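S.K.: Take a look at the following structure, please.
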Amino acid sequence: MSEVLSAINDVIWSDWLVYLCLASGVYFSVRSRFLQVRHIKGMVEQLVRGERSPSGVSSFQALAMSLSGRVGTGNIAGVATAIAFGGPGALFWMWMVAFLGASTSFIESTLGQIYKTRDPLTGEYRGGPAYYLSRALAHTRGAPFFKVYGYVFAAVTVIACGVLLPGVQANSMATAIDGAWALPSWSVAVGAVIVLAFVIIGGVKRIANFASFVVPFMAVAYIVLALIVVFANASALPEMFSMVFRAAFGMDAAFGAVVGLAVMWGVKRGVYSNEAGQGTGPHAAAAAEVSHPAKQGLVQSFAVYIDTLFVCSATGFLILSTGAYRVHEGGSSDGPVLAEGGLLSSTAVVGPQFVQAGFDSVFAGFGASFIAVTLMFFCLTTIIAYYYMAETNLRFLVGKSSKTLIPGIKASIGRVTTMALQVAILIAVAYGCVNTADNAWAMGDIGVGLMAWLNIIGILILQQPAFKALKDFEAQKKLGLDPVFDPKVLNIVGATFWETYKTDREKEKAKL
């Protein structure tokens with residue numbers, strides 16, 4: 001099984017996907033005149049002023065939902081893996097894919113808002129790549145192709161988020177807990193299934209409330225404590241930054257054998273962590289209550305910064321400044337050691353143990369437990385976000401779900417398939433806890449890669465409505481207005497939700 005997964009992973013994560021991620025980020029950045037820099041103030045303002053409604057969550061809650069999917073084991077084990085197999089230079093390429101990916105995230109998330117719809121079963125907002133892929137060009141001759149394309153993406157996302165990706169989070173959580181408190185994996189599996197069952201059955205509102213409470217707390221706590229460790233090793237920072245930049249551009253002989261892998265692992269783990277272009281962000285973006293799609297597009301761009309420039313950087317700085325790193329040749333822990341920082345024991349395994357050792361260098365005996373608790377929160381919220389995205393795409397696949405599955409039995413297709421998805425993701429979590437780390441990561445990378453291929457190609461084709469929305473947003477802001485979106489004025493076809501937005505919003509406010 002391991003060989004099969006590795007072979008599939010090598011095909012999906014070829015150099016071409018790395019080039020696609022970087023090139024699309026450069027293109028969207030240039031065309032938007034680097035909105036990720038120009039609109040930083042607007043990103044923060046929208047977080048404070050965002051609205052909510054009975055059908056939609058606030059911008060902050062949508063950000064928290066998005067971060068709950070982005071901030072996970074990739075921010076700890078993923079960064080350690082990137083450094084171990086790509087050298088310190090991989091951290092630089094993680095920054096690059098985050099900076100460029102912020103513009104990609106804006107495009108996909110704005111499209112998610114433009115083409116969102118109401119769930120016929122719950123009344124909640126739903127959206128994402130499957131929706132905009134099938135709706136954006138529904139009026140053209142290519143409509144049949146893009147409708148099928150949307151269904152393919154939806155099916156891939158259900159499999160990726162419902163089966164492949166949860167195992168990575170569950171495995172890292174179980175491994176960290178076992179290392180800290182020697183609890184067997186099966187007991188972690190039972191506890192995780194119970195907690196997740198309670199949350200995911202509660203629907204998007206419970207998911208949003210849970211995420212908005214847990215995510216900010218866990219992210220801030222992790223960053224603060226990591227920075228304490230970094231500042232305790234402040235004297236090592238100049239050399240650390242020098243080493244990162246030298247290794248990124250092949251100017252350090254010690255990392256010459258992995259200079260080519262620095263880009264690969266930096267982009268690979270960067271996309272896995274911040275998910276820019278993967279197509280996950282638009283799902284949370286579509287759930288937000290905003291008066292203009294560009295507003296939530298900016299919020300989701302900011303989420304990329306939080307994930308990579310803040311959380312991943314904190315991990316990378318901690319590992320490198322304390323010397324808790326070891327770089328292997330050949331992209332495998334079985335490869336010869338090219339360089340190491342001197343802090344790790346000879347038995348340290350690539351992954352969370354790098355970070356645990358770094359914490360222990362300042363907080364003796366505290367590292368293992370802190371990382372176990374941190375990963376527990378990170379991973380649980382990420383799995384919850386995965387379920388939400390899988391459920392959203394399942395809703396897309398089954399449509400209005402009004403037909404009964406079996407005549408005479410009061411159970412619609414939508415209800416039954418949703419229950420089946422809930423069972424499937426709980427089984428995937430339980431299996432991930434007891435699975436091997438290599439297989440879990442391989443399955444997760446396959447899921448991420450498939451979604452990224454489909455989504456990035458899709459938004460390169462469908463980008464025009466997002467840029468129209470950006471131009472309209474900026475024009476209204478210049479006039480001192482609070483931007484309100486009207487697709488008819490912009491000649492955007494297929495944005496049916498927004499065509500009746502004003503009337504529907506007034507009705508909802510009257511009910512409150």
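Chain lettering (A, B, ...) mirrors the order of the structure tokens, residue numbering begins at 1 for each chain separately, and ligand numbering begins at 1 in order of display.
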To test your reading of the structure, identify every residue in region 393-501 of chain A that backbone DSSP assigns to helix (DSSP H, G or I), and report it as a ChimeraX atom specification.
M.R.: /A:393-398,413-434,437-462,464-478,496-499,501
S.K.: Would you kindly return, as a VMD selection string, each protein, DNA or RNA residue with an atom no farther than 10 Å from any atom of Arg70 (chain A), considering only C-alpha atoms and excluding same-chain residues fewer than 5 positions away?
M.R.: chain A and resid 64 to 65 75 271 to 276 280 to 281 303 to 304 306 to 308 378 to 379 381 to 382 385 to 386
S.K.: Name the residues of region 103-269 of chain A that come out as strand (DSSP E) in a backbone DSSP run; write them as a PyMOL selection string.
M.R.: chain A and resi 117-118+125-126
S.K.: Have a look at A:Leu481, A:Gly432, A:Ser103, A:Phe60 and name the one nearest to Glu45 (chain A); count only C-alpha atoms.
M.R.: A:Phe60
S.K.: Tell me, as a list in words, which residues lie within 8 Å of Gly150 (chain A), counting only C-alpha atoms; anything in the same chain fewer than 3 positions away does not count.
M.R.: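 Skipping anything fewer than 3 positions along the chain leaves Pro129, Ala130, Tyr131, Tyr132, Leu133, Ser134, Phe146, Lys147, Phe153 and Ala154 of chain A.
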S.K.: Quick one: residues within 6 Å of region 355-371 of chain A, only C-alpha atoms counted, chain neighbours fewer than 3 positions away excluded, as a ChimeraX atom specification?
M.R.: /A:180,319,322,324,352,374-375
S.K.: Quick one: distance from CA of Gln300 (chain A) to CA of Gly127 (chain A) in Å, one decimal?
M.R.: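 Separation between CA of Gln300 (chain A) and CA of Gly127 (chain A): 14.2 Å.
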